[in-house]
Amino acid sequence: MSQGFAISIQVNALRYPTKQAQPVLQDLVMQLPAQQWTCLLGRSGCGKTSILRKLAGLLEDAEWRGDIQADGQGLSGNIAYMAQQDLLLPWLSVLDNVCIAERLQGRSLSQDTRAKALSLLQKVGLREHAERYPHALSGGMRQRVALARTLLQERPIVLMDEPFSALDAVTRHKLQSLSFDLLKGKTVLLVTHDPQEAVRLGHQIYVMEGTPASAHLLPDLHTDPPRQLDERSAELQTYILRRLGGEHG
Amino acid sequence: MANWLRGITATLVILGLWQGAISLWSLPSFILPSPLAVLDVLLTRWPMLWSHTWVTAQEILIGLALGVSIGLCFALLMLLFRPVKQWLLPILIASQAIPVFAIAPILMLWLDYGIASKVAMAAIIIFFPVTTCCFDGLRSTPAGYLDLARTLNANRWRTLWHIQLPAALPALGSGLRVAVVVAPIGAVVGEWVGSSAGLGYLMLQANARMRIDEMFAALFILSLFSVALYFSVDWLLKRSLPWHSQ
């Protein structure tokens, strides 16, 4: 399995043509350490998804000035993307959805890939649902299929855009643990607006503040993720909420 | 209430009202024949009715196949080549502003009095709803699916084949449902303008000979055919697109 590498992001300015008055992002610097989870927190509309879309090569309608360095390697072909919606294709079975990259890249499904996909479905607890269709699954199950699809691509960098936000609290907690376990060794950027999720999963946490927004790295988090929901994490969450609310105490 | 039971009840109510109107106003059979008289024509003149039904059915089914194929091709052309859309869409809209009655004589002139002109009429009347529904479906592919395809390095054609076309099937299905209902109109209008066989031709002949019961029998068969066609297509679509029926 390919190991994640470090990424350095510098945004001088990011501006959308429809909002020409001022940029959405300005003077933003972020470092994503290799094989670690970096959580990016911010209020709705602050531009956090724009950063993720830029990394994924999906940002087309914006004027971007900045630089992305990726340990001497290109990002194209090295990124897997997990969105808020599971993006399962309803006309394909669970197994075919997990293997969708083969179809989209014009390759026939090999026995080896099929075996890997079934093994990943086993890991996410859905082996017996391989032949079912997405509409027969719950939201949590569908997001686990999306996780298996992401893992099958064996890409070193995983970009996650609030993938757990539509789930109930219990399912979200389980899926966070599962994702953290299965994505070990990859460089992960998780965009979220849930401080608890960021505190639980992030090796490091950036909070986006201001207008135009820039990213601020939280000070030493002391422990490694996944963190227990204890007094220390509660303090961190309170601190993050204050910063998101515009208090800088 | 089950669908079949609702259908039978509605039919019985209509037949009852029909018979009631005849009894109440003592209508002569050349104005409104009784349901029993129409049934009698259906039973006794079935071979003749069937031969005309078969002609109209062929016109409708071939017209449907042709119209849906043309509609799908136009939708794909407009999606893939923006200039084609800019040039083609106004022409398509203008083509729909011309009544089918107006173009029927021209088609007779060009394609003769045989089946070809009626097939063309049926195809012309349905390709526009199919084109617009399919084009709407193709350009409304959820953005997330297209993002996924791009991050998986899919090219334009594979994205079209594996994502955009399947995602547009429910919209194409809506166009098809409209098409099967209006295709018989095109075929019958074509038969009215000039033909030697078909249910439209039979209606004209029956009308001229004051055989109103025969006219009603032809109308009944045409309605039954349209309803059967609609529900068959609806059933097929529901079976083929189970995620959309959920």
# chains A, B, ... in the order shown; residues from 1 in each chain; ligands from 1

call {"tool": "closest_atom_pairs", "arguments": {"of": "chain B", "to": "chain A", "cutoff": "8 Å", "atoms": "only C-alpha atoms", "output": "CSV"}}
result
residue,atom,partner,partner_atom,distance
B:Gly144,CA,A:Leu87,CA,6.4
B:Tyr145,CA,A:Leu87,CA,6.0
B:Asp147,CA,A:Leu58,CA,6.7
B:Leu148,CA,A:Tyr81,CA,7.1
B:Ala149,CA,A:Leu104,CA,6.9
B:Arg150,CA,A:Leu58,CA,7.6
B:Thr151,CA,A:Ala56,CA,6.6
B:Leu152,CA,A:Ala101,CA,5.9
B:Asn153,CA,A:Gln105,CA,6.8
B:Ala154,CA,A:Leu104,CA,4.9
B:Asn155,CA,A:Leu104,CA,7.6
B:Arg158,CA,A:Leu104,CA,5.7
B:Thr159,CA,A:Leu104,CA,6.8
B:His162,CA,A:Leu104,CA,7.0
B:Ile163,CA,A:Leu89,CA,7.8
B:Pro166,CA,A:Trp91,CA,7.3
B:Leu241,CA,A:Trp91,CA,7.5
B:Trp243,CA,A:Pro90,CA,6.0
B:Gln246,CA,A:His135,CA,7.6

call {"tool": "write_last_selection", "arguments": {"atoms": "N, CA and C atoms", "output": "PDB file, in the first residue's frame"}}
result
ATOM      1  N   GLY B 144     -21.302  15.768  -7.670  1.00  0.00           N
ATOM      2  CA  GLY B 144     -20.444  14.869  -6.902  1.00  0.00           C
ATOM      3  C   GLY B 144     -19.972  13.687  -7.728  1.00  0.00           C
ATOM      4  N   TYR B 145     -20.848  13.137  -8.575  1.00  0.00           N
ATOM      5  CA  TYR B 145     -20.460  12.000  -9.429  1.00  0.00           C
ATOM      6  C   TYR B 145     -19.356  12.427 -10.405  1.00  0.00           C
ATOM      7  N   ASP B 147     -17.265  14.907  -9.966  1.00  0.00           N
ATOM      8  CA  ASP B 147     -16.037  15.118  -9.176  1.00  0.00           C
ATOM      9  C   ASP B 147     -15.341  13.783  -8.935  1.00  0.00           C
ATOM     10  N   LEU B 148     -16.127  12.781  -8.567  1.00  0.00           N
ATOM     11  CA  LEU B 148     -15.567  11.450  -8.307  1.00  0.00           C
ATOM     12  C   LEU B 148     -14.859  10.932  -9.556  1.00  0.00           C
ATOM     13  N   ALA B 149     -15.525  11.083 -10.708  1.00  0.00           N
ATOM     14  CA  ALA B 149     -14.934  10.606 -11.970  1.00  0.00           C
ATOM     15  C   ALA B 149     -13.610  11.315 -12.243  1.00  0.00           C
ATOM     16  N   ARG B 150     -13.572  12.612 -11.960  1.00  0.00           N
ATOM     17  CA  ARG B 150     -12.333  13.360 -12.231  1.00  0.00           C
ATOM     18  C   ARG B 150     -11.209  12.925 -11.307  1.00  0.00           C
ATOM     19  N   THR B 151     -11.527  12.714 -10.015  1.00  0.00           N
ATOM     20  CA  THR B 151     -10.457  12.289  -9.105  1.00  0.00           C
ATOM     21  C   THR B 151     -10.000  10.860  -9.440  1.00  0.00           C
ATOM     22  N   LEU B 152     -10.835  10.116 -10.158  1.00  0.00           N
ATOM     23  CA  LEU B 152     -10.433   8.768 -10.570  1.00  0.00           C
ATOM     24  C   LEU B 152      -9.842   8.777 -11.986  1.00  0.00           C
ATOM     25  N   ASN B 153      -9.550   9.981 -12.476  1.00  0.00           N
ATOM     26  CA  ASN B 153      -8.884  10.153 -13.780  1.00  0.00           C
ATOM     27  C   ASN B 153      -9.666   9.541 -14.943  1.00  0.00           C
ATOM     28  N   ALA B 154     -10.989   9.627 -14.874  1.00  0.00           N
ATOM     29  CA  ALA B 154     -11.813   9.120 -15.984  1.00  0.00           C
ATOM     30  C   ALA B 154     -11.794  10.131 -17.123  1.00  0.00           C
ATOM     31  N   ASN B 155     -11.742   9.647 -18.366  1.00  0.00           N
ATOM     32  CA  ASN B 155     -11.815  10.591 -19.480  1.00  0.00           C
ATOM     33  C   ASN B 155     -13.282  10.915 -19.782  1.00  0.00           C
ATOM     34  N   ARG B 158     -15.606   7.906 -20.945  1.00  0.00           N
ATOM     35  CA  ARG B 158     -15.937   6.928 -19.891  1.00  0.00           C
ATOM     36  C   ARG B 158     -16.864   7.572 -18.858  1.00  0.00           C
ATOM     37  N   THR B 159     -16.658   8.858 -18.613  1.00  0.00           N
ATOM     38  CA  THR B 159     -17.561   9.559 -17.697  1.00  0.00           C
ATOM     39  C   THR B 159     -18.972   9.567 -18.287  1.00  0.00           C
ATOM     40  N   HIS B 162     -20.252   5.630 -18.284  1.00  0.00           N
ATOM     41  CA  HIS B 162     -20.438   4.959 -16.995  1.00  0.00           C
ATOM     42  C   HIS B 162     -21.218   5.799 -15.980  1.00  0.00           C
ATOM     43  N   ILE B 163     -21.258   7.136 -16.187  1.00  0.00           N
ATOM     44  CA  ILE B 163     -21.904   7.974 -15.171  1.00  0.00           C
ATOM     45  C   ILE B 163     -23.053   8.799 -15.748  1.00  0.00           C
ATOM     46  N   PRO B 166     -26.117   6.564 -17.486  1.00  0.00           N
ATOM     47  CA  PRO B 166     -26.978   5.868 -16.515  1.00  0.00           C
ATOM     48  C   PRO B 166     -27.724   6.843 -15.597  1.00  0.00           C
ATOM     49  N   LEU B 241     -35.019   0.432 -13.527  1.00  0.00           N
ATOM     50  CA  LEU B 241     -34.449   1.513 -12.714  1.00  0.00           C
ATOM     51  C   LEU B 241     -34.960   1.408 -11.279  1.00  0.00           C
ATOM     52  N   TRP B 243     -33.621   1.813  -8.427  1.00  0.00           N
ATOM     53  CA  TRP B 243     -33.218   2.865  -7.486  1.00  0.00           C
ATOM     54  C   TRP B 243     -34.089   4.108  -7.619  1.00  0.00           C
ATOM     55  N   GLN B 246     -37.616   3.795  -5.832  1.00  0.00           N
ATOM     56  CA  GLN B 246     -37.647   3.707  -4.367  1.00  0.00           C
ATOM     57  C   GLN B 246     -38.254   4.954  -3.752  1.00  0.00           C
TER      58      GLN B 246
END

call {"tool": "select_by_dssp", "arguments": {"residues": "segment 22-220 of chain A", "states": "alpha helix (DSSP H)", "output": "PyMOL selection string"}}
result
chain A and resi 48-56+94-98+100-104+111-123+139-152+169-182+195-201

call {"tool": "closest_residue", "arguments": {"among": "B:Pro184, B:Pro90, B:Gly71, B:Gly190", "to": "Asp136 of chain B", "atoms": "only C-alpha atoms"}}
result
B:Gly71

call {"tool": "residues_around", "arguments": {"residues": "Gly175 of chain B", "least_positions_apart": "3", "cutoff": "6 Å", "atoms": "only C-alpha atoms", "output": "ChimeraX atom specification"}}
result
/B:129-130,133,172,178

call {"tool": "atom_distance", "arguments": {"atom1": "atom CA of Arg177 of chain B", "atom2": "atom CA of Ile106 of chain B"}}
result
28.0 Å

call {"tool": "residues_around", "arguments": {"residues": "Ser50 of chain A", "least_positions_apart": "4", "cutoff": "12 Å", "atoms": "only C-alpha atoms", "output": "list of chain:residue names"}}
result
A:Val11, A:Ala13, A:Leu14, A:Arg15, A:Tyr16, A:Pro23, A:Val24, A:Leu25, A:Leu40, A:Gly42, A:Ser44, A:Gly45, A:Cys46, A:Lys54, A:Leu55, A:Ala56, A:Gly57, A:Leu58, A:Leu59, A:Glu60, A:Asp61, A:Ala62, A:Glu63, A:Trp64, A:Leu159, A:Asp161, A:Val191, A:Ala213

call {"tool": "residues_around", "arguments": {"residues": "Val199 of chain A", "least_positions_apart": "4", "cutoff": "12 Å", "atoms": "only C-alpha atoms", "output": "mmCIF file with N, CA and C atoms, in the first residue's frame"}}
result
data_model
loop_
_atom_site.group_PDB
_atom_site.id
_atom_site.type_symbol
_atom_site.label_atom_id
_atom_site.label_comp_id
_atom_site.auth_asym_id
_atom_site.auth_seq_id
_atom_site.Cartn_x
_atom_site.Cartn_y
_atom_site.Cartn_z
ATOM 1 N N TRP A 37 -3.032 12.676 10.106
ATOM 2 C CA TRP A 37 -4.331 13.312 9.854
ATOM 3 C C TRP A 37 -4.236 14.800 10.192
ATOM 4 N N THR A 38 -4.592 15.621 9.229
ATOM 5 C CA THR A 38 -4.690 17.056 9.482
ATOM 6 C C THR A 38 -6.161 17.433 9.357
ATOM 7 N N CYS A 39 -6.677 18.061 10.412
ATOM 8 C CA CYS A 39 -8.088 18.465 10.369
ATOM 9 C C CYS A 39 -8.162 19.968 10.114
ATOM 10 N N LEU A 40 -9.064 20.339 9.236
ATOM 11 C CA LEU A 40 -9.246 21.754 8.891
ATOM 12 C C LEU A 40 -10.660 22.149 9.286
ATOM 13 N N LEU A 41 -10.717 23.039 10.281
ATOM 14 C CA LEU A 41 -12.007 23.461 10.823
ATOM 15 C C LEU A 41 -12.336 24.879 10.390
ATOM 16 N N GLN A 176 -15.670 6.971 12.355
ATOM 17 C CA GLN A 176 -14.427 7.725 12.590
ATOM 18 C C GLN A 176 -13.312 6.761 13.001
ATOM 19 N N LEU A 190 -8.782 16.195 6.560
ATOM 20 C CA LEU A 190 -10.209 16.081 6.873
ATOM 21 C C LEU A 190 -10.786 17.479 7.079
ATOM 22 N N THR A 192 -13.837 19.634 8.228
ATOM 23 C CA THR A 192 -15.000 19.410 9.088
ATOM 24 C C THR A 192 -15.417 20.719 9.742
ATOM 25 N N HIS A 193 -16.660 20.767 10.231
ATOM 26 C CA HIS A 193 -16.989 21.902 11.104
ATOM 27 C C HIS A 193 -17.402 21.403 12.476
ATOM 28 N N ASP A 194 -16.974 20.186 12.792
ATOM 29 C CA ASP A 194 -17.284 19.597 14.093
ATOM 30 C C ASP A 194 -16.000 19.555 14.939
ATOM 31 N N PRO A 195 -15.879 20.437 15.948
ATOM 32 C CA PRO A 195 -14.657 20.465 16.763
ATOM 33 C C PRO A 195 -14.359 19.110 17.423
ATOM 34 N N HIS A 203 -3.983 14.689 14.051
ATOM 35 C CA HIS A 203 -2.634 14.827 14.604
ATOM 36 C C HIS A 203 -2.340 16.301 14.773
ATOM 37 N N GLN A 204 -2.896 17.059 13.847
ATOM 38 C CA GLN A 204 -2.825 18.510 13.984
ATOM 39 C C GLN A 204 -4.124 19.119 13.472
ATOM 40 N N ILE A 205 -4.433 20.293 14.040
ATOM 41 C CA ILE A 205 -5.715 20.923 13.711
ATOM 42 C C ILE A 205 -5.467 22.371 13.286
ATOM 43 N N TYR A 206 -6.017 22.714 12.131
ATOM 44 C CA TYR A 206 -6.000 24.107 11.682
ATOM 45 C C TYR A 206 -7.410 24.675 11.841
ATOM 46 N N VAL A 207 -7.468 25.897 12.335
ATOM 47 C CA VAL A 207 -8.758 26.588 12.422
ATOM 48 C C VAL A 207 -8.719 27.775 11.468
ATOM 49 N N LEU A 218 -3.428 24.959 15.738
ATOM 50 C CA LEU A 218 -3.633 24.939 17.187
ATOM 51 C C LEU A 218 -2.335 24.544 17.876
ATOM 52 N N ASP A 220 0.260 22.817 20.677
ATOM 53 C CA ASP A 220 0.536 21.403 20.963
ATOM 54 C C ASP A 220 -0.693 20.658 21.506
ATOM 55 N N LEU A 221 -1.006 19.546 20.850
ATOM 56 C CA LEU A 221 -2.192 18.774 21.252
ATOM 57 C C LEU A 221 -1.848 17.687 22.282
ATOM 58 N N HIS A 222 -0.565 17.558 22.643
ATOM 59 C CA HIS A 222 -0.061 16.661 23.695
ATOM 60 C C HIS A 222 -0.158 15.181 23.373
ATOM 61 N N THR A 223 -1.346 14.699 22.953
ATOM 62 C CA THR A 223 -1.502 13.249 22.753
ATOM 63 C C THR A 223 -1.759 12.942 21.279
ATOM 64 N N ASP A 224 -1.618 11.645 20.952
ATOM 65 C CA ASP A 224 -1.876 11.212 19.576
ATOM 66 C C ASP A 224 -3.325 10.757 19.426
ATOM 67 N N PRO A 225 -3.883 10.947 18.246
ATOM 68 C CA PRO A 225 -5.246 10.467 17.992
ATOM 69 C C PRO A 225 -5.258 8.952 17.758
ATOM 70 N N PRO A 226 -6.407 8.297 17.853
ATOM 71 C CA PRO A 226 -7.702 8.885 18.190
ATOM 72 C C PRO A 226 -7.787 9.159 19.694
ATOM 73 N N ARG A 227 -8.264 10.361 20.040
ATOM 74 C CA ARG A 227 -8.277 10.780 21.438
ATOM 75 C C ARG A 227 -9.596 10.423 22.114
ATOM 76 N N GLN A 228 -9.471 10.154 23.388
ATOM 77 C CA GLN A 228 -10.677 9.916 24.201
ATOM 78 C C GLN A 228 -11.402 11.245 24.402
ATOM 79 N N LEU A 229 -12.683 11.141 24.621
ATOM 80 C CA LEU A 229 -13.446 12.369 24.884
ATOM 81 C C LEU A 229 -13.371 12.666 26.380
ATOM 82 N N ASP A 230 -12.236 13.206 26.828
ATOM 83 C CA ASP A 230 -12.023 13.474 28.248
ATOM 84 C C ASP A 230 -12.012 14.991 28.504
ATOM 85 N N GLU A 231 -11.558 15.339 29.701
ATOM 86 C CA GLU A 231 -11.579 16.743 30.111
ATOM 87 C C GLU A 231 -10.702 17.609 29.201
ATOM 88 N N ARG A 232 -9.540 17.053 28.846
ATOM 89 C CA ARG A 232 -8.590 17.803 27.999
ATOM 90 C C ARG A 232 -9.209 18.078 26.605
ATOM 91 N N SER A 233 -9.853 17.039 26.066
ATOM 92 C CA SER A 233 -10.443 17.244 24.731
ATOM 93 C C SER A 233 -11.626 18.202 24.809
ATOM 94 N N ALA A 234 -12.344 18.172 25.941
ATOM 95 C CA ALA A 234 -13.459 19.114 26.114
ATOM 96 C C ALA A 234 -12.931 20.550 26.143
ATOM 97 N N GLU A 235 -11.768 20.737 26.811
ATOM 98 C CA GLU A 235 -11.159 22.079 26.868
ATOM 99 C C GLU A 235 -10.757 22.539 25.459
ATOM 100 N N LEU A 236 -10.182 21.581 24.712
ATOM 101 C CA LEU A 236 -9.769 21.899 23.337
ATOM 102 C C LEU A 236 -10.967 22.306 22.482
ATOM 103 N N GLN A 237 -12.051 21.554 22.645
ATOM 104 C CA GLN A 237 -13.260 21.867 21.863
ATOM 105 C C GLN A 237 -13.778 23.259 22.206
ATOM 106 N N THR A 238 -13.765 23.575 23.505
ATOM 107 C CA THR A 238 -14.230 24.897 23.931
ATOM 108 C C THR A 238 -13.342 25.983 23.319
ATOM 109 N N TYR A 239 -12.040 25.717 23.337
ATOM 110 C CA TYR A 239 -11.082 26.668 22.779
ATOM 111 C C TYR A 239 -11.354 26.886 21.280
ATOM 112 N N ILE A 240 -11.564 25.745 20.584
ATOM 113 C CA ILE A 240 -11.826 25.831 19.129
ATOM 114 C C ILE A 240 -13.117 26.625 18.872
ATOM 115 N N LEU A 241 -14.154 26.319 19.646
ATOM 116 C CA LEU A 241 -15.438 27.010 19.463
ATOM 117 C C LEU A 241 -15.274 28.508 19.655
#

call {"tool": "residues_around", "arguments": {"residues": "Ala130 of chain A", "least_positions_apart": "4", "cutoff": "8 Å", "atoms": "only C-alpha atoms", "output": "list in words"}}
result
Ser93, Val94, Leu95, Leu118, Leu121 and Leu126 of chain A

call {"tool": "write_last_selection", "arguments": {"atoms": "N, CA and C atoms", "output": "short mmCIF file (atom, residue, chain, number, x, y, z; two decimals), in the first residue's frame"}}
result
data_model
loop_
_atom_site.label_atom_id
_atom_site.label_comp_id
_atom_site.auth_asym_id
_atom_site.auth_seq_id
_atom_site.Cartn_x
_atom_site.Cartn_y
_atom_site.Cartn_z
N SER A 93 -23.89 -2.44 -8.15
CA SER A 93 -23.91 -3.14 -6.86
C SER A 93 -22.82 -2.55 -5.96
N VAL A 94 -22.87 -2.95 -4.70
CA VAL A 94 -21.87 -2.48 -3.74
C VAL A 94 -20.46 -2.83 -4.23
N LEU A 95 -20.28 -4.07 -4.68
CA LEU A 95 -18.95 -4.50 -5.14
C LEU A 95 -18.51 -3.68 -6.36
N LEU A 118 -13.38 -7.38 -2.08
CA LEU A 118 -14.15 -8.19 -1.13
C LEU A 118 -13.48 -8.19 0.24
N LEU A 121 -14.32 -4.95 1.82
CA LEU A 121 -15.72 -4.97 2.29
C LEU A 121 -15.83 -5.77 3.59
N LEU A 126 -19.05 -5.32 5.52
CA LEU A 126 -20.15 -5.37 4.54
C LEU A 126 -19.94 -6.47 3.49
#

call {"tool": "residues_around", "arguments": {"residues": "segment 164-168 of chain A", "least_positions_apart": "4", "cutoff": "7 Å", "atoms": "only C-alpha atoms", "output": "list of chain:residue names"}}
result
A:Gln84, A:Gly139, A:Gly140, A:Arg172

call {"tool": "atom_distance", "arguments": {"atom1": "atom CA of Leu202 of chain B", "atom2": "atom CA of Val55 of chain B"}}
result
11.1 Å

call {"tool": "atom_distance", "arguments": {"atom1": "atom CA of Gln164 of chain B", "atom2": "atom CA of Leu89 of chain B"}}
result
20.4 Å
